[in-house]
file data19.cif (mmCIF, C-alpha atoms and all ligand atoms)
data_start
loop_
_atom_site.group_PDB
_atom_site.id
_atom_site.type_symbol
_atom_site.label_atom_id
_atom_site.label_comp_id
_atom_site.auth_asym_id
_atom_site.auth_seq_id
_atom_site.Cartn_x
_atom_site.Cartn_y
_atom_site.Cartn_z
ATOM 1 C CA MET A 1 -14.635 25.580 5.256
ATOM 2 C CA LYS A 2 -18.076 26.003 3.689
ATOM 3 C CA GLY A 3 -18.188 24.919 0.058
ATOM 4 C CA GLY A 4 -14.572 23.745 0.081
ATOM 5 C CA PHE A 5 -12.996 20.317 0.137
ATOM 6 C CA THR A 6 -10.079 20.043 2.538
ATOM 7 C CA LEU A 7 -7.678 17.463 3.864
ATOM 8 C CA THR A 8 -5.850 17.561 7.200
ATOM 9 C CA PHE A 9 -3.145 15.069 8.132
ATOM 10 C CA PHE A 10 -3.368 13.935 11.776
ATOM 11 C CA GLY A 11 -0.941 10.986 11.693
ATOM 12 C CA VAL A 12 1.666 10.258 9.024
ATOM 13 C CA ARG A 13 4.038 7.614 10.433
ATOM 14 C CA GLY A 14 3.876 3.871 9.836
ATOM 15 C CA SER A 15 4.025 0.816 12.105
ATOM 16 C CA TYR A 16 4.028 2.444 15.591
ATOM 17 C CA PRO A 17 3.948 5.933 17.117
ATOM 18 C CA VAL A 18 7.292 7.689 17.468
ATOM 19 C CA PRO A 19 7.003 10.761 19.693
ATOM 20 C CA GLY A 20 10.192 12.654 20.441
ATOM 21 C CA GLU A 21 12.753 15.156 19.309
ATOM 22 C CA GLY A 22 13.547 13.390 16.023
ATOM 23 C CA THR A 23 9.951 13.427 14.759
ATOM 24 C CA ARG A 24 8.865 16.866 15.936
ATOM 25 C CA ARG A 25 8.634 18.495 12.494
ATOM 26 C CA TYR A 26 6.550 15.874 10.646
ATOM 27 C CA GLY A 27 4.869 14.338 13.706
ATOM 28 C CA GLY A 28 5.025 10.969 15.458
ATOM 29 C CA ASN A 29 1.428 9.714 15.299
ATOM 30 C CA THR A 30 0.294 6.834 13.102
ATOM 31 C CA SER A 31 -2.038 6.985 10.088
ATOM 32 C CA SER A 32 -5.118 9.172 10.140
ATOM 33 C CA LEU A 33 -6.480 11.762 7.691
ATOM 34 C CA LEU A 34 -9.545 13.978 7.984
ATOM 35 C CA LEU A 35 -11.433 15.125 4.893
ATOM 36 C CA GLN A 36 -14.132 17.760 5.146
ATOM 37 C CA ALA A 37 -16.659 18.968 2.591
ATOM 38 C CA ALA A 38 -20.192 20.362 2.761
ATOM 39 C CA GLY A 39 -20.172 20.132 6.573
ATOM 40 C CA ARG A 40 -19.420 16.415 6.408
ATOM 41 C CA SER A 41 -16.411 14.556 7.772
ATOM 42 C CA VAL A 42 -14.631 11.506 6.415
ATOM 43 C CA ILE A 43 -11.714 9.992 8.310
ATOM 44 C CA LEU A 44 -9.291 7.627 6.633
ATOM 45 C CA ASP A 45 -7.731 5.210 9.138
ATOM 46 C CA ALA A 46 -7.764 5.388 12.896
ATOM 47 C CA GLY A 47 -4.137 5.332 14.012
ATOM 48 C CA THR A 48 -3.135 7.478 16.974
ATOM 49 C CA GLY A 49 -3.614 10.570 14.775
ATOM 50 C CA ILE A 50 -7.396 10.142 15.020
ATOM 51 C CA ILE A 51 -7.258 11.174 18.682
ATOM 52 C CA GLN A 52 -6.425 14.774 17.793
ATOM 53 C CA ALA A 53 -8.974 14.722 14.928
ATOM 54 C CA GLY A 54 -11.605 13.634 17.468
ATOM 55 C CA ARG A 55 -10.795 16.530 19.782
ATOM 56 C CA LEU A 56 -11.219 18.930 16.899
ATOM 57 C CA LEU A 57 -14.560 17.424 15.812
ATOM 58 C CA SER A 58 -15.850 17.362 19.388
ATOM 59 C CA ALA A 59 -15.016 21.017 19.870
ATOM 60 C CA ARG A 60 -17.179 21.826 16.852
ATOM 61 C CA ARG A 61 -20.596 21.037 18.216
ATOM 62 C CA GLY A 62 -23.854 20.874 16.356
ATOM 63 C CA THR A 63 -22.899 18.854 13.267
ATOM 64 C CA ARG A 64 -25.924 16.859 12.210
ATOM 65 C CA HIS A 65 -24.095 14.561 9.793
ATOM 66 C CA PRO A 66 -22.532 11.247 10.799
ATOM 67 C CA ILE A 67 -18.759 10.951 10.962
ATOM 68 C CA HIS A 68 -17.620 8.298 8.486
ATOM 69 C CA ILE A 69 -14.434 6.408 9.319
ATOM 70 C CA PHE A 70 -12.964 4.216 6.570
ATOM 71 C CA LEU A 71 -10.271 1.685 7.516
ATOM 72 C CA THR A 72 -7.752 0.384 5.000
ATOM 73 C CA HIS A 73 -7.060 -2.726 7.107
ATOM 74 C CA LEU A 74 -6.887 -3.768 10.736
ATOM 75 C CA HIS A 75 -3.169 -3.558 11.550
ATOM 76 C CA SER A 76 -2.729 -1.849 14.893
ATOM 77 C CA ASP A 77 -1.120 1.326 13.506
ATOM 78 C CA HIS A 78 -4.395 1.963 11.623
ATOM 79 C CA ILE A 79 -6.867 1.283 14.444
ATOM 80 C CA MET A 80 -5.172 1.927 17.795
ATOM 81 C CA GLY A 81 -6.620 5.430 18.190
ATOM 82 C CA LEU A 82 -10.263 4.290 17.983
ATOM 83 C CA PRO A 83 -10.882 3.763 21.737
ATOM 84 C CA PHE A 84 -9.641 7.315 22.337
ATOM 85 C CA PHE A 85 -11.712 9.029 19.636
ATOM 86 C CA ALA A 86 -13.700 11.612 21.625
ATOM 87 C CA PRO A 87 -16.932 11.533 19.517
ATOM 88 C CA MET A 88 -17.372 7.858 20.571
ATOM 89 C CA PHE A 89 -18.358 9.144 24.002
ATOM 90 C CA ASP A 90 -20.672 11.914 22.828
ATOM 91 C CA PRO A 91 -24.360 10.857 22.843
ATOM 92 C CA ARG A 92 -25.105 13.393 20.086
ATOM 93 C CA ALA A 93 -22.568 11.875 17.680
ATOM 94 C CA GLU A 94 -23.258 9.313 15.001
ATOM 95 C CA ILE A 95 -20.289 7.329 13.730
ATOM 96 C CA VAL A 96 -20.184 4.911 10.812
ATOM 97 C CA LEU A 97 -17.197 2.585 10.831
ATOM 98 C CA HIS A 98 -16.467 1.132 7.384
ATOM 99 C CA TYR A 99 -13.965 -1.726 7.365
ATOM 100 C CA PRO A 100 -12.818 -4.420 4.934
ATOM 101 C CA GLU A 101 -14.327 -7.847 5.310
ATOM 102 C CA GLN A 102 -11.485 -10.306 5.290
ATOM 103 C CA ARG A 103 -12.050 -13.919 4.467
ATOM 104 C CA GLY A 104 -11.737 -16.251 7.443
ATOM 105 C CA HIS A 105 -11.545 -13.391 9.965
ATOM 106 C CA ASP A 106 -14.277 -11.749 12.000
ATOM 107 C CA SER A 107 -13.216 -8.128 11.514
ATOM 108 C CA ARG A 108 -16.133 -6.675 13.459
ATOM 109 C CA ARG A 109 -15.309 -8.762 16.479
ATOM 110 C CA ALA A 110 -11.670 -7.746 16.243
ATOM 111 C CA LEU A 111 -12.689 -4.068 16.204
ATOM 112 C CA GLU A 112 -15.106 -4.474 19.099
ATOM 113 C CA ALA A 113 -12.345 -6.143 21.125
ATOM 114 C CA LEU A 114 -10.499 -2.813 21.184
ATOM 115 C CA PHE A 115 -13.207 -1.507 23.509
ATOM 116 C CA LEU A 116 -13.394 -4.572 25.757
ATOM 117 C CA PRO A 117 -11.335 -5.941 28.624
ATOM 118 C CA PRO A 118 -8.531 -6.887 28.806
ATOM 119 C CA TYR A 119 -7.507 -4.263 26.216
ATOM 120 C CA SER A 120 -9.692 -1.522 27.622
ATOM 121 C CA PRO A 121 -11.371 -0.598 30.908
ATOM 122 C CA ILE A 122 -14.564 0.431 29.089
ATOM 123 C CA THR A 123 -17.174 -1.748 27.424
ATOM 124 C CA LEU A 124 -19.335 -1.434 24.323
ATOM 125 C CA GLN A 125 -22.035 0.025 26.604
ATOM 126 C CA GLY A 126 -19.548 2.765 27.444
ATOM 127 C CA ILE A 127 -19.747 4.029 23.865
ATOM 128 C CA LYS A 128 -22.311 6.800 23.910
ATOM 129 C CA ALA A 129 -22.378 7.687 20.205
ATOM 130 C CA ARG A 130 -24.664 5.882 17.792
ATOM 131 C CA LEU A 131 -22.063 3.562 16.275
ATOM 132 C CA ARG A 132 -22.743 1.591 13.115
ATOM 133 C CA PHE A 133 -20.468 -1.053 11.634
ATOM 134 C CA GLU A 134 -20.417 -1.215 7.831
ATOM 135 C CA PRO A 135 -18.433 -4.116 6.354
ATOM 136 C CA LEU A 136 -17.038 -3.594 2.868
ATOM 137 C CA ALA A 137 -17.317 -6.894 1.048
ATOM 138 C CA ALA A 138 -14.273 -8.435 -0.601
ATOM 139 C CA ARG A 139 -14.851 -8.027 -4.350
ATOM 140 C CA ASP A 140 -13.059 -7.302 -7.580
ATOM 141 C CA GLY A 141 -13.024 -3.882 -9.187
ATOM 142 C CA VAL A 142 -14.064 -0.484 -7.881
ATOM 143 C CA ALA A 143 -17.067 0.048 -5.560
ATOM 144 C CA VAL A 144 -18.530 3.484 -4.842
ATOM 145 C CA ILE A 145 -20.382 4.731 -1.745
ATOM 146 C CA ASP A 146 -22.460 7.909 -1.950
ATOM 147 C CA LEU A 147 -22.342 9.828 1.337
ATOM 148 C CA GLY A 148 -24.694 12.580 0.171
ATOM 149 C CA SER A 149 -24.147 16.263 -0.644
ATOM 150 C CA GLY A 150 -21.916 15.218 -3.552
ATOM 151 C CA LEU A 151 -19.377 13.447 -1.354
ATOM 152 C CA GLU A 152 -18.366 10.028 -2.628
ATOM 153 C CA VAL A 153 -15.956 7.337 -1.469
ATOM 154 C CA ALA A 154 -14.681 4.672 -3.879
ATOM 155 C CA HIS A 155 -12.525 1.702 -2.938
ATOM 156 C CA ALA A 156 -10.680 -1.236 -4.455
ATOM 157 C CA ARG A 157 -8.523 -4.001 -3.014
ATOM 158 C CA HIS A 158 -4.760 -4.317 -3.260
ATOM 159 C CA ASP A 159 -3.335 -7.660 -2.179
ATOM 160 C CA SER A 160 0.353 -6.917 -1.576
ATOM 161 C CA HIS A 161 0.114 -6.204 2.151
ATOM 162 C CA PRO A 162 0.466 -9.221 4.456
ATOM 163 C CA LEU A 163 -1.592 -11.150 5.158
ATOM 164 C CA LEU A 164 -5.009 -9.915 4.057
ATOM 165 C CA GLY A 165 -4.356 -6.947 1.765
ATOM 166 C CA VAL A 166 -5.777 -3.431 2.091
ATOM 167 C CA LEU A 167 -8.412 -1.189 0.592
ATOM 168 C CA ILE A 168 -7.276 1.802 -1.466
ATOM 169 C CA TYR A 169 -9.690 4.723 -1.218
ATOM 170 C CA ARG A 170 -10.624 7.632 -3.428
ATOM 171 C CA VAL A 171 -12.648 10.449 -1.875
ATOM 172 C CA GLY A 172 -14.346 12.801 -4.324
ATOM 173 C CA PHE A 173 -16.216 16.068 -3.954
ATOM 174 C CA ALA A 174 -17.109 18.784 -6.481
ATOM 175 C CA GLY A 175 -14.740 17.343 -9.080
ATOM 176 C CA GLY A 176 -11.830 17.168 -6.618
ATOM 177 C CA ARG A 177 -10.305 13.760 -5.885
ATOM 178 C CA LEU A 178 -7.949 12.460 -3.239
ATOM 179 C CA VAL A 179 -6.524 8.939 -3.449
ATOM 180 C CA TYR A 180 -5.194 7.227 -0.332
ATOM 181 C CA ALA A 181 -2.863 4.310 -1.035
ATOM 182 C CA THR A 182 -1.059 3.158 2.061
ATOM 183 C CA ASP A 183 0.441 -0.175 3.092
ATOM 184 C CA VAL A 184 1.008 -1.193 -0.513
ATOM 185 C CA GLU A 185 4.009 -2.671 -2.288
ATOM 186 C CA SER A 186 3.957 -2.333 -6.036
ATOM 187 C CA PRO A 187 7.345 -2.873 -7.643
ATOM 188 C CA GLU A 188 5.600 -3.296 -11.004
ATOM 189 C CA GLY A 189 3.383 -0.225 -10.535
ATOM 190 C CA PHE A 190 -0.360 -0.034 -10.021
ATOM 191 C CA GLY A 191 -2.527 -1.899 -12.479
ATOM 192 C CA GLY A 192 -6.229 -2.518 -13.086
ATOM 193 C CA PRO A 193 -8.700 -0.981 -10.663
ATOM 194 C CA ILE A 194 -6.090 0.901 -8.598
ATOM 195 C CA ARG A 195 -4.746 2.611 -11.709
ATOM 196 C CA GLU A 196 -8.344 3.475 -12.542
ATOM 197 C CA LEU A 197 -8.923 4.911 -9.042
ATOM 198 C CA GLY A 198 -5.762 6.984 -9.150
ATOM 199 C CA ALA A 199 -6.070 8.360 -12.689
ATOM 200 C CA GLY A 200 -5.868 12.157 -12.725
ATOM 201 C CA ALA A 201 -6.358 12.588 -8.945
ATOM 202 C CA ASP A 202 -5.659 16.007 -7.478
ATOM 203 C CA LEU A 203 -3.801 14.426 -4.617
ATOM 204 C CA LEU A 204 -2.210 11.020 -4.134
ATOM 205 C CA VAL A 205 -1.245 10.128 -0.567
ATOM 206 C CA HIS A 206 1.103 7.159 -1.011
ATOM 207 C CA ASP A 207 3.011 4.771 1.226
ATOM 208 C CA ALA A 208 6.715 5.707 1.177
ATOM 209 C CA GLN A 209 7.958 3.528 4.002
ATOM 210 C CA TYR A 210 11.463 2.847 2.713
ATOM 211 C CA PHE A 211 14.474 4.177 0.926
ATOM 212 C CA GLU A 212 15.374 1.970 -2.040
ATOM 213 C CA THR A 213 18.620 0.872 -0.359
ATOM 214 C CA ASP A 214 16.804 -0.366 2.766
ATOM 215 C CA TYR A 215 14.145 -2.089 0.659
ATOM 216 C CA LEU A 216 16.796 -3.958 -1.301
ATOM 217 C CA GLY A 217 18.890 -4.571 1.812
ATOM 218 C CA ASN A 218 22.108 -3.019 0.496
ATOM 219 C CA GLY A 219 22.025 -0.001 2.820
ATOM 220 C CA GLU A 220 23.701 0.265 6.204
ATOM 221 C CA SER A 221 20.739 -0.988 8.202
ATOM 222 C CA PRO A 222 21.299 -4.365 9.855
ATOM 223 C CA ARG A 223 17.619 -5.255 9.411
ATOM 224 C CA GLY A 224 18.089 -6.780 5.956
ATOM 225 C CA PRO A 225 15.929 -6.419 2.848
ATOM 226 C CA ARG A 226 12.301 -5.372 3.251
ATOM 227 C CA ARG A 227 10.992 -6.965 0.074
ATOM 228 C CA GLY A 228 7.627 -8.599 0.663
ATOM 229 C CA PHE A 229 6.864 -6.507 3.757
ATOM 230 C CA GLY A 230 3.972 -4.904 1.857
ATOM 231 C CA HIS A 231 5.322 -1.347 1.742
ATOM 232 C CA SER A 232 6.578 0.998 -0.940
ATOM 233 C CA THR A 233 9.826 2.773 -1.588
ATOM 234 C CA VAL A 234 10.020 6.462 -2.468
ATOM 235 C CA ALA A 235 10.622 5.471 -6.101
ATOM 236 C CA MET A 236 7.486 3.278 -6.214
ATOM 237 C CA ALA A 237 5.404 6.183 -4.907
ATOM 238 C CA ALA A 238 6.880 8.591 -7.474
ATOM 239 C CA ARG A 239 6.392 6.132 -10.342
ATOM 240 C CA ASN A 240 2.756 5.503 -9.425
ATOM 241 C CA ALA A 241 2.125 9.257 -9.186
ATOM 242 C CA ALA A 242 3.600 9.747 -12.662
ATOM 243 C CA ALA A 243 1.753 6.771 -14.176
ATOM 244 C CA CYS A 244 -1.580 7.954 -12.751
ATOM 245 C CA ARG A 245 -0.828 11.552 -13.828
ATOM 246 C CA VAL A 246 -1.869 12.929 -10.463
ATOM 247 C CA LYS A 247 -1.443 16.615 -9.752
ATOM 248 C CA ARG A 248 0.348 16.292 -6.396
ATOM 249 C CA LEU A 249 1.985 13.424 -4.518
ATOM 250 C CA TYR A 250 2.238 13.323 -0.716
ATOM 251 C CA LEU A 251 4.681 10.792 0.722
ATOM 252 C CA PHE A 252 3.212 9.033 3.764
ATOM 253 C CA HIS A 253 3.540 6.159 6.289
ATOM 254 C CA TYR A 254 7.235 6.708 6.954
ATOM 255 C CA ASP A 255 9.269 3.973 8.594
ATOM 256 C CA PRO A 256 9.370 4.780 12.331
ATOM 257 C CA THR A 257 13.168 4.456 12.412
ATOM 258 C CA TYR A 258 13.609 7.424 10.045
ATOM 259 C CA PRO A 259 13.841 10.766 11.860
ATOM 260 C CA ASP A 260 12.669 13.990 10.195
ATOM 261 C CA ALA A 261 16.037 14.716 8.564
ATOM 262 C CA ARG A 262 15.810 11.476 6.589
ATOM 263 C CA LEU A 263 12.368 12.446 5.319
ATOM 264 C CA ASP A 264 13.916 15.583 3.843
ATOM 265 C CA GLU A 265 16.304 13.287 1.954
ATOM 266 C CA MET A 266 13.300 11.254 0.764
ATOM 267 C CA LEU A 267 11.640 14.360 -0.601
ATOM 268 C CA ALA A 268 14.732 15.354 -2.571
ATOM 269 C CA LEU A 269 14.924 11.855 -4.089
ATOM 270 C CA ALA A 270 11.236 11.738 -4.977
ATOM 271 C CA ARG A 271 11.315 15.142 -6.652
ATOM 272 C CA LYS A 272 13.902 13.877 -9.131
ATOM 273 C CA GLU A 273 11.258 11.475 -10.420
ATOM 274 C CA PHE A 274 8.058 13.409 -9.720
ATOM 275 C CA ARG A 275 8.505 17.153 -9.287
ATOM 276 C CA ARG A 276 5.241 17.922 -7.495
ATOM 277 C CA THR A 277 6.018 15.740 -4.461
ATOM 278 C CA PHE A 278 5.534 16.860 -0.861
ATOM 279 C CA LEU A 279 5.894 15.303 2.577
ATOM 280 C CA ALA A 280 2.766 14.552 4.598
ATOM 281 C CA ARG A 281 3.083 16.420 7.879
ATOM 282 C CA GLU A 282 0.931 16.119 10.988
ATOM 283 C CA GLY A 283 -1.382 19.127 11.347
ATOM 284 C CA LYS A 284 -1.009 20.235 7.729
ATOM 285 C CA SER A 285 -4.249 21.204 5.942
ATOM 286 C CA ILE A 286 -4.620 21.264 2.177
ATOM 287 C CA ILE A 287 -7.424 22.702 0.104
ATOM 288 C CA ILE A 288 -8.295 20.150 -2.586
ATOM 289 C CA ARG A 289 -11.131 22.239 -4.091
ATOM 290 C CA ARG A 290 -12.228 25.735 -3.041
HETATM 291 ZN ZN ZN B 1 0.573 0.605 8.478
HETATM 292 ZN ZN ZN B 2 -0.321 -2.619 7.666
#
call {"tool": "encode", "arguments": {"input": "data19.cif", "output": "structure tokens", "more": "lines below"}}
Ligand SMILES: [Zn+2]
Ligand SMILES: [Zn+2]
result
Amino acid sequence: MKGGFTLTFFGVRGSYPVPGEGTRRYGGNTSSLLLQAAGRSVILDAGTGIIQAGRLLSARRGTRHPIHIFLTHLHSDHIMGLPFFAPMFDPRAEIVLHYPEQRGHDSRRALEALFLPPYSPITLQGIKARLRFEPLAARDGVAVIDLGSGLEVAHARHDSHPLLGVLIYRVGFAGGRLVYATDVESPEGFGGPIRELGAGADLLVHDAQYFETDYLGNGESPRGPRRGFGHSTVAMAARNAAACRVKRLYLFHYDPTYPDARLDEMLALARKEFRRTFLAREGKSIIIRR
């Protein structure tokens, strides 16, 4: 790992966990990615996937750098793994939790509630790690956070996701760049700061919740159209990848009702529009820069 910049997917499904036979190949946990560079760890979102990431980080003792967790938003599929993240209970660990400040809502209190009764048997005193809360202020344009050793995290808001929008992140190290754009709906394509964030990225991890037919409501599903639900179709992901001229696109945040076989269909569709498309798969590691 030394000197390299790597990504590992720990949870790739959207909305709620779907363990079982139908999701065995791509995994049933919800959103969580681990990025590692220069001995440092950055986690994007804390869905149930973060539980396995935590086990891995705990097994590797002796890291002197804090673990940085960046949340896109506070929907449960992006935070529900936090109370089960093993480093929280390790007195040697330091964890920095970065989260979007959302007007009219006390996000910190909402996050703390995850650790308190009645949702949890533990209390904040039960957390043994040094835990720091870092709100990311609502603002226009791109903001950049320097984590040291050349590792940098940039973010910008996207307002399509109900009700409070999300943060889109770009993690950079040694010239390599990963962009994480989940829980976004962009029928007109990315514009402004998000286009700027995505431009020329090595890897774009993009919401691909729906097939076009289900989004428009003319498929066989009885659930009706999904327009306005704040998620992308495969075509939206492919178009944004092409417009941003990224090197590789990873489809992500699949609708929980789609079993693995349907994801294979998604991949075939996406590759017609953007050839270098792949499916995010739980447990898969990718070298972004050697
Ligand atoms: Zn989600
Ligand atoms: Zn969401």
call {"tool": "closest_residue", "arguments": {"input": "data19.cif", "among": "A:Ala241, A:Ala181, A:Leu136, A:Ala280", "to": "A:Met266", "atoms": "all atoms listed in the file"}}
result
A:Ala280
call {"tool": "residues_near_ligand", "arguments": {"input": "data19.cif", "ligand": "ligand ZN 1 (chain B)", "cutoff": "12 Å", "atoms": "only C-alpha atoms and all ligand atoms", "output": "compact mmCIF listing (two decimals) with C-alpha atoms, in the coordinates of the input"}}
result
# COMPACT_ATOMS: atom_id res chain seq x y z
CA GLY A 11 -0.94 10.99 11.69
CA VAL A 12 1.67 10.26 9.02
CA ARG A 13 4.04 7.61 10.43
CA GLY A 14 3.88 3.87 9.84
CA SER A 15 4.03 0.82 12.10
CA TYR A 16 4.03 2.44 15.59
CA PRO A 17 3.95 5.93 17.12
CA ASN A 29 1.43 9.71 15.30
CA THR A 30 0.29 6.83 13.10
CA SER A 31 -2.04 6.98 10.09
CA SER A 32 -5.12 9.17 10.14
CA ASP A 45 -7.73 5.21 9.14
CA ALA A 46 -7.76 5.39 12.90
CA GLY A 47 -4.14 5.33 14.01
CA THR A 48 -3.14 7.48 16.97
CA LEU A 71 -10.27 1.68 7.52
CA THR A 72 -7.75 0.38 5.00
CA HIS A 73 -7.06 -2.73 7.11
CA LEU A 74 -6.89 -3.77 10.74
CA HIS A 75 -3.17 -3.56 11.55
CA SER A 76 -2.73 -1.85 14.89
CA ASP A 77 -1.12 1.33 13.51
CA HIS A 78 -4.39 1.96 11.62
CA ILE A 79 -6.87 1.28 14.44
CA MET A 80 -5.17 1.93 17.80
CA HIS A 161 0.11 -6.20 2.15
CA PRO A 162 0.47 -9.22 4.46
CA GLY A 165 -4.36 -6.95 1.76
CA VAL A 166 -5.78 -3.43 2.09
CA ALA A 181 -2.86 4.31 -1.03
CA THR A 182 -1.06 3.16 2.06
CA ASP A 183 0.44 -0.18 3.09
CA VAL A 184 1.01 -1.19 -0.51
CA GLU A 185 4.01 -2.67 -2.29
CA HIS A 206 1.10 7.16 -1.01
CA ASP A 207 3.01 4.77 1.23
CA ALA A 208 6.72 5.71 1.18
CA GLN A 209 7.96 3.53 4.00
CA PHE A 229 6.86 -6.51 3.76
CA GLY A 230 3.97 -4.90 1.86
CA HIS A 231 5.32 -1.35 1.74
CA SER A 232 6.58 1.00 -0.94
CA PHE A 252 3.21 9.03 3.76
CA HIS A 253 3.54 6.16 6.29
CA TYR A 254 7.24 6.71 6.95
CA ASP A 255 9.27 3.97 8.59
CA PRO A 256 9.37 4.78 12.33
call {"tool": "residues_around", "arguments": {"input": "data19.cif", "residues": "A:Phe5", "least_positions_apart": "3", "cutoff": "8 Å", "atoms": "all atoms listed in the file", "output": "VMD selection string"}}
result
chain A and resid 1 35 to 38 173 to 174 176 287 to 290
call {"tool": "closest_residue", "arguments": {"input": "data19.cif", "among": "A:Gly141, A:Pro83, A:Gly104, A:Gly27", "to": "A:Ser120", "atoms": "all atoms listed in the file"}}
result
A:Pro83
call {"tool": "closest_residue", "arguments": {"input": "data19.cif", "among": "A:Glu94, A:Glu21, A:Glu265, A:Asp159", "to": "ligand ZN 2 (chain B)", "atoms": "all atoms listed in the file"}}
result
A:Asp159
call {"tool": "residues_near_point", "arguments": {"input": "data19.cif", "point": "(-23.3, 12.9, 10.6)", "cutoff": "10 Å", "atoms": "all atoms listed in the file", "output": "list in words"}}
result
Gly39, Arg40, Ser41, Val42, Gly62, Thr63, Arg64, His65, Pro66, Ile67, His68, Arg92, Ala93, Glu94, Ile95, Val96 and Leu147 of chain A
call {"tool": "closest_residue", "arguments": {"input": "data19.cif", "among": "A:Leu216, A:Phe211, A:Gly54, A:His158", "to": "ligand ZN 2 (chain B)", "atoms": "all atoms listed in the file"}}
result
A:His158
call {"tool": "atom_distance", "arguments": {"input": "data19.cif", "atom1": "atom CA of A:Ala235", "atom2": "atom CA of A:Val18"}}
result
23.9 Å
call {"tool": "decode", "arguments": {"input": "data19.cif", "residues": "stretch 178-183 of chain A", "atoms": "all heavy atoms", "output": "mmCIF file, in the first residue's frame"}}
result
data_model
loop_
_atom_site.group_PDB
_atom_site.id
_atom_site.type_symbol
_atom_site.label_atom_id
_atom_site.label_comp_id
_atom_site.auth_asym_id
_atom_site.auth_seq_id
_atom_site.Cartn_x
_atom_site.Cartn_y
_atom_site.Cartn_z
ATOM 1 N N LEU A 178 -10.310 10.805 -7.407
ATOM 2 C CA LEU A 178 -11.552 10.031 -7.413
ATOM 3 C C LEU A 178 -12.695 10.992 -7.105
ATOM 4 O O LEU A 178 -12.579 11.822 -6.198
ATOM 5 C CB LEU A 178 -11.513 8.947 -6.338
ATOM 6 C CG LEU A 178 -12.891 8.318 -6.058
ATOM 7 C CD1 LEU A 178 -12.795 6.813 -6.053
ATOM 8 C CD2 LEU A 178 -13.493 8.814 -4.758
ATOM 9 N N VAL A 179 -13.784 10.888 -7.863
ATOM 10 C CA VAL A 179 -14.956 11.719 -7.581
ATOM 11 C C VAL A 179 -16.110 10.806 -7.183
ATOM 12 O O VAL A 179 -16.355 9.766 -7.823
ATOM 13 C CB VAL A 179 -15.322 12.604 -8.790
ATOM 14 C CG1 VAL A 179 -16.659 13.299 -8.573
ATOM 15 C CG2 VAL A 179 -14.218 13.626 -9.011
ATOM 16 N N TYR A 180 -16.791 11.182 -6.112
ATOM 17 C CA TYR A 180 -17.858 10.375 -5.536
ATOM 18 C C TYR A 180 -19.153 11.181 -5.614
ATOM 19 O O TYR A 180 -19.319 12.166 -4.897
ATOM 20 C CB TYR A 180 -17.474 10.069 -4.084
ATOM 21 C CG TYR A 180 -18.483 9.265 -3.299
ATOM 22 C CD1 TYR A 180 -18.943 8.025 -3.738
ATOM 23 C CD2 TYR A 180 -18.950 9.725 -2.067
ATOM 24 C CE1 TYR A 180 -19.836 7.284 -2.987
ATOM 25 C CE2 TYR A 180 -19.837 8.983 -1.302
ATOM 26 C CZ TYR A 180 -20.280 7.768 -1.774
ATOM 27 O OH TYR A 180 -21.163 7.036 -1.025
ATOM 28 N N ALA A 181 -20.028 10.767 -6.520
ATOM 29 C CA ALA A 181 -21.275 11.501 -6.757
ATOM 30 C C ALA A 181 -22.448 10.551 -6.595
ATOM 31 O O ALA A 181 -22.878 9.901 -7.552
ATOM 32 C CB ALA A 181 -21.263 12.103 -8.158
ATOM 33 N N THR A 182 -22.935 10.463 -5.363
ATOM 34 C CA THR A 182 -24.069 9.568 -5.137
ATOM 35 C C THR A 182 -25.289 10.358 -4.673
ATOM 36 O O THR A 182 -25.172 11.506 -4.241
ATOM 37 C CB THR A 182 -23.712 8.458 -4.128
ATOM 38 O OG1 THR A 182 -24.738 7.447 -4.195
ATOM 39 C CG2 THR A 182 -23.594 8.975 -2.703
ATOM 40 N N ASP A 183 -26.455 9.748 -4.801
ATOM 41 C CA ASP A 183 -27.710 10.386 -4.429
ATOM 42 C C ASP A 183 -27.859 11.736 -5.141
ATOM 43 O O ASP A 183 -28.048 12.786 -4.516
ATOM 44 C CB ASP A 183 -27.826 10.500 -2.895
ATOM 45 C CG ASP A 183 -27.850 9.108 -2.256
ATOM 46 O OD1 ASP A 183 -26.886 8.354 -2.455
ATOM 47 O OD2 ASP A 183 -28.829 8.753 -1.587
#
